[in-house]
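A.B. asks: Pasting a structure below so you can have a look.
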Amino acid sequence: MADQPNFSAGYSVGITPSTPEAQSRRPDTKLTPPPFTPPPGPRFAPPNVQTNQLLSPSIKPSQLSLSANGIRTGSSPHLSTPPGPPVFSSPVQPAAVPFRTSPATPQPVAFSAVPSLSASPPSNFSDGANEFQRQVLSDTEDMVSLSDAPNVLLSARKVLKQKKLMNVPSLGFGALVSPGREVLLGPQIIQRDPHRCQNCGAYANLYCNILLGSGQWQCVICRNLNGSEGEYIASSKEELLNLPELAFPMVDFVQTGNRRPGFVPVSDSRMSAPIVLVVDDCLDEPHLQHLQSSLHAFVDSLSPTTRIGIVSYGRTVSVYDLSEGSIASADLLPGNVSPNQESLKQLVYGTGVYLSPIHASLPVAHSIFSSLRPYKLNLPEASRDRCMGAAIEVALAIIQGPSAEMSQGVVKKPGGSSRIIVCAGGPNTYGPGSVPHSFSHPNYPHMEKTALKWMEHLGREAHRRNTLIDILCAGTCPVRVPILQPLVKASGGILILHDDFGEAFGVNLQRASTRAAGSHGLMEIRCSDDITVSQVIGPGEEAHTDNHEAFKNDNSVSIQMLSVEETQCFAVSMETHGNIKSDYVYFQFGIFFSNLYQADIIRVITVRLPTVDSISSYLDSVQDEVAAVLIAKRSLLRAKNFSDAIDVRKTVDERIKDITNRFGSQLPKSKLYQFPKELSYLPELLFHLRRGPLLGSILGHEDERSVLRDIFLNASFDLSLRMVAPRCLMHREGGTFEELPAHDLAMQSDAAVVLDHGTDVFIWLGAELAAQEGRSAAALAACRTLAEELTEMRFPAPRILAFKEGSSQARYFVSRLIPAHKDPPYEQEARFPQLRTLSTEERTKLKSSFIHFDEPSFCEWMRSLKVLAPEPS
């Protein structure tokens, strides 16, 4: 039995390598439960064949919605964003060669032979990768070209047979897995239990060898021969292709027998998962006014059947009664201690209504928000008593209620995960889980340690009760992020910082409440040919399963998912314990979860990759962007503070040198080494990583850096990629946009530029353009519309800032661009071919607009490592 990896505790699952070599929906969208009925037709009905279709990068923005940096079809109104200018009708133009429009790689393939009903509800937020439709192949041997399933992105499309080169840690091999991501047409639905290998527990799939006469199938993971109870007996291979699990790399099995006695597939408002708002009652008037506006817009956006509760906290906890018509009335509980069982019993058994559907409580909710008053005492924000911990305990009690609702002897449970959303303007300084106002308090270290343990315990209790806790902070008062993170992580929620309680806060409030969340998630990873999982990073922790009792040689890695959401992703690093002799290797991901409709789903994703001896062939198959995101996540896992980040920047430098030494070549008559030309895009991505907000010094406060790090470690591929390397789009005449490299050479005084950096989007107006009132207004409107299109499905929603050239805020923009203005002209033109169209006068004008930072350019950085940057490909 192979060594099992060790998981570290926390949100980001870290696995210690087991070998010495390795240790170096829109708010107004009403969801209706799917009627889980098998598709009509005979058992072996031929599938409806559709041809591969790729959405063109020149589709009009008014006809598409860009999710993260990907493209999806369809258009829908923006979430709570104010009415913007008319959507422009000109296309987004791709960058001139040699610059690729993102995402150029990877190109996952979404397979579906017939339109099918997804086992999960319609998604609100997309993982964002380009979607394809499957072309069914008549010969199963041809399926080797379809190497990726839509929820799995691999760092390479081939695997090296040599252990020594395959396990090079500086490059590494792995996958980005999005278990809850929904694809364009959804996975194939199978209403029966899956066939599993009796030896290792793997699932039957499209790559299995099948004996047609007996129906036996050979496991691709352990090569064991298994029976199928006659299910796979067929006259030909083509006939077997009509069984979904033997034709598609991703299928969803809907469990016919539910082990949980509470399974009742209902959809009425009483059974919808509730949302409880926990609101800070210690805000100054400007912040409170913004918060009230956001809260009013939030409840107006909710579905009429959504159940909501409202709690506020200061020195006491106020639990608002939603049965009082249009009058704000609340029951008070002390905030200095955890509420005892007697007080909670009096609350939940009392006459008040603390959870109510919006259609019945909208007027009183507006009255409650309007009744909130600014903080009256003359105390600094950080010194005000806030009993956040006690308020969250009360919110959990409200969600649980007096007892499970009984109906004809069957327990009804809400579908999906309940959600507590905390709107905080300062730290938890009173009652359970609190820390003193001042860091100079003599007992602060001990109280901080106690608070951390208490918060983690509360988060685990919330997770046990199937409740997510999101904390949305805003304002200028530090909220003591390290104290709040264990609570959020253990429950499966998210912590987000905002400048204020305005637009971005309001959008995130809505998106937090409407993002679909399954529950009871478990992911199992199995690999063939002595390939093992060495590290997993993502929103989960080690799972202790009893599979070894059912499958004697089950070597899978099991991960307990804290929630099952579309915007989440696991970074899985792998290595091999020996040279690979097979022509193909296999990876299988089994994901167990309950969806919003209380159906138990087993999602099975199987991937096959060819193996090669040629290093050049392997490097050609490497997907630079996936590899860069995997490297970035492994790096950020170590950067727990700014001091660590400085050390990690040095490891990025060493990584570039090591990749060059192992896969590059030395230039003749030179001390420089040529970085592998097959990986031409990777160094620039890593240069963005080391100088950007994740590892660089752009962010000023450690709280900001810590929150950004946690978001990145759990983010989908597309958001992660944008957080590593910004996407630069220049506005052209007529409303078109051209994608350019994110270099400061893009700052042309007569142009407007949009820079998408994941959690921030910047709009920069050149001085010449800004001086022309009509043109600048049109350009700004088009840029604003594009920014909203790029981010309308993103969570967390980014802040969107617009400013003019030469303003103080312009440094936000310039600091995130690669400083290329000092490079020789031939290097500038090689990486920024648009310069060739500029006249001498325009080039002189361009140079005068630079804000000079004492930083090396990309080419200078590479030369300092004694590495020659490859030509862009």
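Labels for the structure tokens follow display order: chains A, B, ..., residues from 1 in each chain, ligands from 1.
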What lies within 10 Å of region 215-217 of chain A using only C-alpha atoms, ignoring chain neighbours under 3 positions off, as a list in words?

C.D. replies: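 In the requested format, the answer is His195, Arg196, Cys197, Ala204, Asn205, Tyr207, Cys208, Asn209, Ile210, Leu211, Leu212, Val220, Arg223, Asn224, Leu225, Asn226, Gly227, Ser228, Glu229, Gly230, Glu231, Tyr232, Ile233 and Ala234 of chain A.
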
A.B. asks: Using the chain letters and numbers from this document, which residues of region 547-654 of chain A does DSSP assign to alpha helix (DSSP H), as a PyMOL selection string?

C.D. replies: chain A and resi 547-550+615-621+624-638+642-654

A.B. asks: May I have the residues from that selection written out with N, CA and C atoms, as a JSON list (two decimals), in the first residue's frame?

C.D. replies:
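result31.json, written as the output of this step:
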[["chain", "number", "residue", "atom", "x", "y", "z"],
["A", 547, "ASN", "N", -13.38, 3.36, 3.71],
["A", 547, "ASN", "CA", -13.36, 2.65, 2.43],
["A", 547, "ASN", "C", -12.52, 1.38, 2.49],
["A", 548, "HIS", "N", -11.48, 1.38, 3.37],
["A", 548, "HIS", "CA", -10.60, 0.21, 3.42],
["A", 548, "HIS", "C", -11.36, -1.03, 3.86],
["A", 549, "GLU", "N", -12.49, -0.84, 4.54],
["A", 549, "GLU", "CA", -13.29, -1.99, 4.96],
["A", 549, "GLU", "C", -14.03, -2.59, 3.78],
["A", 550, "ALA", "N", -14.43, -1.74, 2.80],
["A", 550, "ALA", "CA", -15.15, -2.23, 1.63],
["A", 550, "ALA", "C", -14.20, -2.58, 0.49],
["A", 615, "ILE", "N", 11.39, 14.90, -23.75],
["A", 615, "ILE", "CA", 11.24, 16.08, -22.89],
["A", 615, "ILE", "C", 10.58, 17.21, -23.66],
["A", 616, "SER", "N", 10.97, 17.40, -24.92],
["A", 616, "SER", "CA", 10.39, 18.47, -25.73],
["A", 616, "SER", "C", 8.89, 18.27, -25.92],
["A", 617, "SER", "N", 8.48, 17.03, -26.15],
["A", 617, "SER", "CA", 7.05, 16.74, -26.32],
["A", 617, "SER", "C", 6.29, 17.03, -25.03],
["A", 618, "TYR", "N", 6.91, 16.69, -23.90],
["A", 618, "TYR", "CA", 6.26, 16.99, -22.61],
["A", 618, "TYR", "C", 6.14, 18.48, -22.39],
["A", 619, "LEU", "N", 7.22, 19.22, -22.63],
["A", 619, "LEU", "CA", 7.19, 20.67, -22.41],
["A", 619, "LEU", "C", 6.19, 21.34, -23.34],
["A", 620, "ASP", "N", 6.06, 20.83, -24.56],
["A", 620, "ASP", "CA", 5.07, 21.38, -25.49],
["A", 620, "ASP", "C", 3.65, 21.22, -24.95],
["A", 621, "SER", "N", 3.44, 20.18, -24.15],
["A", 621, "SER", "CA", 2.09, 19.91, -23.64],
["A", 621, "SER", "C", 1.78, 20.66, -22.36],
["A", 624, "ASP", "N", 0.89, 26.65, -19.65],
["A", 624, "ASP", "CA", 1.60, 27.64, -18.84],
["A", 624, "ASP", "C", 0.73, 28.24, -17.74],
["A", 625, "GLU", "N", -0.49, 28.59, -18.08],
["A", 625, "GLU", "CA", -1.34, 29.30, -17.11],
["A", 625, "GLU", "C", -1.75, 28.40, -15.95],
["A", 626, "VAL", "N", -2.07, 27.13, -16.24],
["A", 626, "VAL", "CA", -2.40, 26.20, -15.17],
["A", 626, "VAL", "C", -1.18, 25.94, -14.30],
["A", 627, "ALA", "N", -0.04, 25.73, -14.95],
["A", 627, "ALA", "CA", 1.20, 25.49, -14.20],
["A", 627, "ALA", "C", 1.53, 26.70, -13.32],
["A", 628, "ALA", "N", 1.34, 27.91, -13.84],
["A", 628, "ALA", "CA", 1.64, 29.12, -13.05],
["A", 628, "ALA", "C", 0.73, 29.23, -11.85],
["A", 629, "VAL", "N", -0.56, 28.93, -12.02],
["A", 629, "VAL", "CA", -1.50, 29.00, -10.89],
["A", 629, "VAL", "C", -1.15, 27.96, -9.84],
["A", 630, "LEU", "N", -0.79, 26.74, -10.27],
["A", 630, "LEU", "CA", -0.39, 25.71, -9.31],
["A", 630, "LEU", "C", 0.86, 26.14, -8.54],
["A", 631, "ILE", "N", 1.85, 26.68, -9.25],
["A", 631, "ILE", "CA", 3.07, 27.17, -8.59],
["A", 631, "ILE", "C", 2.74, 28.29, -7.62],
["A", 632, "ALA", "N", 1.86, 29.20, -8.04],
["A", 632, "ALA", "CA", 1.49, 30.33, -7.19],
["A", 632, "ALA", "C", 0.79, 29.86, -5.92],
["A", 633, "LYS", "N", -0.09, 28.87, -6.03],
["A", 633, "LYS", "CA", -0.81, 28.39, -4.84],
["A", 633, "LYS", "C", 0.14, 27.67, -3.90],
["A", 634, "ARG", "N", 1.07, 26.89, -4.44],
["A", 634, "ARG", "CA", 2.04, 26.25, -3.57],
["A", 634, "ARG", "C", 2.92, 27.30, -2.88],
["A", 635, "SER", "N", 3.26, 28.35, -3.60],
["A", 635, "SER", "CA", 4.09, 29.41, -3.02],
["A", 635, "SER", "C", 3.34, 30.18, -1.95],
["A", 636, "LEU", "N", 2.11, 30.57, -2.26],
["A", 636, "LEU", "CA", 1.32, 31.38, -1.31],
["A", 636, "LEU", "C", 0.99, 30.63, -0.04],
["A", 637, "LEU", "N", 0.94, 29.30, -0.11],
["A", 637, "LEU", "CA", 0.66, 28.53, 1.09],
["A", 637, "LEU", "C", 1.71, 28.77, 2.17],
["A", 638, "ARG", "N", 2.94, 29.08, 1.73],
["A", 638, "ARG", "CA", 4.04, 29.33, 2.66],
["A", 638, "ARG", "C", 4.12, 30.78, 3.10],
["A", 642, "PHE", "N", 4.26, 38.97, 5.71],
["A", 642, "PHE", "CA", 5.07, 39.69, 4.74],
["A", 642, "PHE", "C", 6.52, 39.21, 4.73],
["A", 643, "SER", "N", 7.02, 38.82, 5.90],
["A", 643, "SER", "CA", 8.38, 38.30, 5.97],
["A", 643, "SER", "C", 8.50, 37.01, 5.16],
["A", 644, "ASP", "N", 7.50, 36.16, 5.30],
["A", 644, "ASP", "CA", 7.48, 34.93, 4.50],
["A", 644, "ASP", "C", 7.40, 35.25, 3.02],
["A", 645, "ALA", "N", 6.61, 36.27, 2.67],
["A", 645, "ALA", "CA", 6.44, 36.62, 1.26],
["A", 645, "ALA", "C", 7.77, 37.02, 0.63],
["A", 646, "ILE", "N", 8.61, 37.72, 1.39],
["A", 646, "ILE", "CA", 9.93, 38.11, 0.87],
["A", 646, "ILE", "C", 10.76, 36.86, 0.56],
["A", 647, "ASP", "N", 10.70, 35.87, 1.47],
["A", 647, "ASP", "CA", 11.43, 34.62, 1.24],
["A", 647, "ASP", "C", 10.87, 33.87, 0.04],
["A", 648, "VAL", "N", 9.55, 33.87, -0.12],
["A", 648, "VAL", "CA", 8.93, 33.15, -1.23],
["A", 648, "VAL", "C", 9.30, 33.79, -2.56],
["A", 649, "ARG", "N", 9.45, 35.13, -2.58],
["A", 649, "ARG", "CA", 9.89, 35.80, -3.82],
["A", 649, "ARG", "C", 11.24, 35.25, -4.26],
["A", 650, "LYS", "N", 12.11, 34.98, -3.29],
["A", 650, "LYS", "CA", 13.42, 34.42, -3.63],
["A", 650, "LYS", "C", 13.28, 33.01, -4.19],
["A", 651, "THR", "N", 12.32, 32.24, -3.67],
["A", 651, "THR", "CA", 12.13, 30.89, -4.21],
["A", 651, "THR", "C", 11.59, 30.93, -5.63],
["A", 652, "VAL", "N", 10.82, 31.97, -5.97],
["A", 652, "VAL", "CA", 10.36, 32.12, -7.36],
["A", 652, "VAL", "C", 11.57, 32.32, -8.27],
["A", 653, "ASP", "N", 12.52, 33.13, -7.83],
["A", 653, "ASP", "CA", 13.76, 33.31, -8.60],
["A", 653, "ASP", "C", 14.49, 32.00, -8.79],
["A", 654, "GLU", "N", 14.62, 31.24, -7.70],
["A", 654, "GLU", "CA", 15.32, 29.96, -7.78],
["A", 654, "GLU", "C", 14.56, 28.97, -8.67]]

A.B. asks: Near Lys489 (chain A), within 12 Å and counting only C-alpha atoms, which residues show up once chain neighbours fewer than 6 positions away are dropped, as a VMD selection string?

C.D. replies: chain A and resid 9 to 13 452 455 to 463 468 to 471 481 to 483 495 538 to 541 561 to 563 707 710 to 711 713 to 714

A.B. asks: Output C-alpha atoms for every residue in that selection, as an mmCIF file, in the first residue's frame.

C.D. replies:
data_model
loop_
_atom_site.group_PDB
_atom_site.id
_atom_site.type_symbol
_atom_site.label_atom_id
_atom_site.label_comp_id
_atom_site.auth_asym_id
_atom_site.auth_seq_id
_atom_site.Cartn_x
_atom_site.Cartn_y
_atom_site.Cartn_z
ATOM 1 C CA ALA A 9 -5.223 21.524 9.506
ATOM 2 C CA GLY A 10 -7.009 24.557 8.180
ATOM 3 C CA TYR A 11 -8.755 25.891 5.144
ATOM 4 C CA SER A 12 -5.884 25.079 2.826
ATOM 5 C CA VAL A 13 -5.163 21.386 2.970
ATOM 6 C CA LEU A 452 -8.608 31.778 18.199
ATOM 7 C CA MET A 455 -13.667 31.007 17.046
ATOM 8 C CA GLU A 456 -12.489 27.793 15.395
ATOM 9 C CA HIS A 457 -14.779 25.765 17.675
ATOM 10 C CA LEU A 458 -17.735 27.991 16.757
ATOM 11 C CA GLY A 459 -16.922 27.585 13.052
ATOM 12 C CA ARG A 460 -16.821 23.796 13.383
ATOM 13 C CA GLU A 461 -20.132 23.822 15.227
ATOM 14 C CA ALA A 462 -21.637 25.897 12.407
ATOM 15 C CA HIS A 463 -20.258 23.422 9.845
ATOM 16 C CA LEU A 468 -21.787 28.789 6.370
ATOM 17 C CA ILE A 469 -20.516 31.985 7.997
ATOM 18 C CA ASP A 470 -19.445 34.828 5.691
ATOM 19 C CA ILE A 471 -17.935 37.973 7.221
ATOM 20 C CA VAL A 481 -8.442 39.436 10.626
ATOM 21 C CA PRO A 482 -6.393 36.624 12.293
ATOM 22 C CA ILE A 483 -9.116 36.274 14.955
ATOM 23 C CA LEU A 495 -13.939 36.813 4.720
ATOM 24 C CA GLY A 538 -8.111 24.260 -1.083
ATOM 25 C CA PRO A 539 -11.200 24.663 1.097
ATOM 26 C CA GLY A 540 -11.113 21.291 2.831
ATOM 27 C CA GLU A 541 -9.382 19.047 5.312
ATOM 28 C CA MET A 561 -15.027 19.701 1.544
ATOM 29 C CA LEU A 562 -16.233 22.411 3.911
ATOM 30 C CA SER A 563 -18.794 23.481 1.304
ATOM 31 C CA VAL A 707 -7.457 38.034 3.261
ATOM 32 C CA ASP A 710 -7.010 33.096 1.622
ATOM 33 C CA ILE A 711 -9.244 34.101 -1.285
ATOM 34 C CA LEU A 713 -5.807 29.722 -2.206
ATOM 35 C CA ASN A 714 -9.439 28.674 -2.662
#

A.B. asks: List the spatial neighbours of Phe592 (chain A) as a CSV table (one decimal) with N, CA and C atoms, in the first residue's frame - criterion: any atom at most 12 Å away, only C-alpha atoms, same-chain residues fewer than 5 positions off excluded.

C.D. replies:
chain,number,residue,atom,x,y,z
A,119,ALA,N,-27.6,17.7,-12.1
A,119,ALA,CA,-28.0,17.3,-10.8
A,119,ALA,C,-27.9,18.5,-9.8
A,179,PRO,N,-14.8,20.9,-8.0
A,179,PRO,CA,-15.8,19.8,-7.9
A,179,PRO,C,-17.2,20.3,-8.1
A,180,GLY,N,-17.5,21.5,-7.7
A,180,GLY,CA,-18.9,22.0,-7.8
A,180,GLY,C,-19.2,22.8,-9.0
A,252,ASP,N,-22.8,12.2,-13.4
A,252,ASP,CA,-23.4,12.4,-12.1
A,252,ASP,C,-24.3,11.2,-11.8
A,253,PHE,N,-24.1,10.5,-10.7
A,253,PHE,CA,-25.0,9.4,-10.3
A,253,PHE,C,-25.9,10.0,-9.2
A,254,VAL,N,-27.2,9.9,-9.5
A,254,VAL,CA,-28.1,10.4,-8.5
A,254,VAL,C,-28.5,9.1,-7.6
A,255,GLN,N,-28.2,9.2,-6.3
A,255,GLN,CA,-28.4,8.1,-5.5
A,255,GLN,C,-29.9,7.7,-5.4
A,518,GLY,N,-23.8,23.4,-2.2
A,518,GLY,CA,-24.1,22.0,-1.7
A,518,GLY,C,-23.5,21.7,-0.4
A,519,SER,N,-23.8,20.6,0.1
A,519,SER,CA,-23.3,20.2,1.5
A,519,SER,C,-22.8,18.8,1.5
A,520,HIS,N,-22.2,18.4,2.7
A,520,HIS,CA,-21.8,17.1,2.9
A,520,HIS,C,-20.8,16.6,1.8
A,521,GLY,N,-19.9,17.5,1.4
A,521,GLY,CA,-19.0,17.2,0.3
A,521,GLY,C,-17.8,16.4,0.7
A,522,LEU,N,-17.5,15.4,-0.1
A,522,LEU,CA,-16.3,14.6,0.0
A,522,LEU,C,-15.7,14.3,-1.3
A,523,MET,N,-14.4,14.5,-1.5
A,523,MET,CA,-13.7,14.2,-2.7
A,523,MET,C,-12.6,13.1,-2.5
A,524,GLU,N,-12.7,12.1,-3.4
A,524,GLU,CA,-11.7,11.1,-3.4
A,524,GLU,C,-10.9,11.2,-4.7
A,525,ILE,N,-9.5,11.1,-4.6
A,525,ILE,CA,-8.6,11.1,-5.8
A,525,ILE,C,-7.9,9.8,-5.9
A,558,SER,N,-8.6,11.2,0.4
A,558,SER,CA,-10.0,11.7,0.6
A,558,SER,C,-9.9,13.1,1.3
A,559,ILE,N,-10.7,14.0,0.8
A,559,ILE,CA,-10.8,15.4,1.3
A,559,ILE,C,-12.2,15.7,1.7
A,560,GLN,N,-12.4,16.1,2.9
A,560,GLN,CA,-13.7,16.6,3.4
A,560,GLN,C,-13.8,18.1,2.9
A,561,MET,N,-14.8,18.3,2.0
A,561,MET,CA,-15.0,19.7,1.5
A,561,MET,C,-15.9,20.4,2.5
A,563,SER,N,-17.6,23.1,2.0
A,563,SER,CA,-18.8,23.5,1.3
A,563,SER,C,-18.6,23.1,-0.1
A,564,VAL,N,-19.6,23.0,-0.9
A,564,VAL,CA,-19.5,22.7,-2.3
A,564,VAL,C,-20.1,23.8,-3.2
A,599,ALA,N,-30.8,16.0,-3.1
A,599,ALA,CA,-30.4,14.7,-3.8
A,599,ALA,C,-29.0,14.4,-3.5
A,600,ASP,N,-28.7,13.2,-3.2
A,600,ASP,CA,-27.3,12.8,-3.0
A,600,ASP,C,-26.6,12.5,-4.4
A,601,ILE,N,-25.5,13.2,-4.7
A,601,ILE,CA,-24.9,13.1,-6.0
A,601,ILE,C,-23.5,12.4,-5.8
A,602,ILE,N,-23.2,11.5,-6.7
A,602,ILE,CA,-21.8,11.1,-6.8
A,602,ILE,C,-21.3,11.5,-8.2
A,603,ARG,N,-20.4,12.5,-8.3
A,603,ARG,CA,-19.9,13.0,-9.5
A,603,ARG,C,-18.6,12.3,-9.8
A,604,VAL,N,-18.4,11.7,-10.9
A,604,VAL,CA,-17.2,10.9,-11.2
A,604,VAL,C,-16.6,11.6,-12.5
A,605,ILE,N,-15.3,11.9,-12.3
A,605,ILE,CA,-14.5,12.6,-13.4
A,605,ILE,C,-13.3,11.7,-13.7
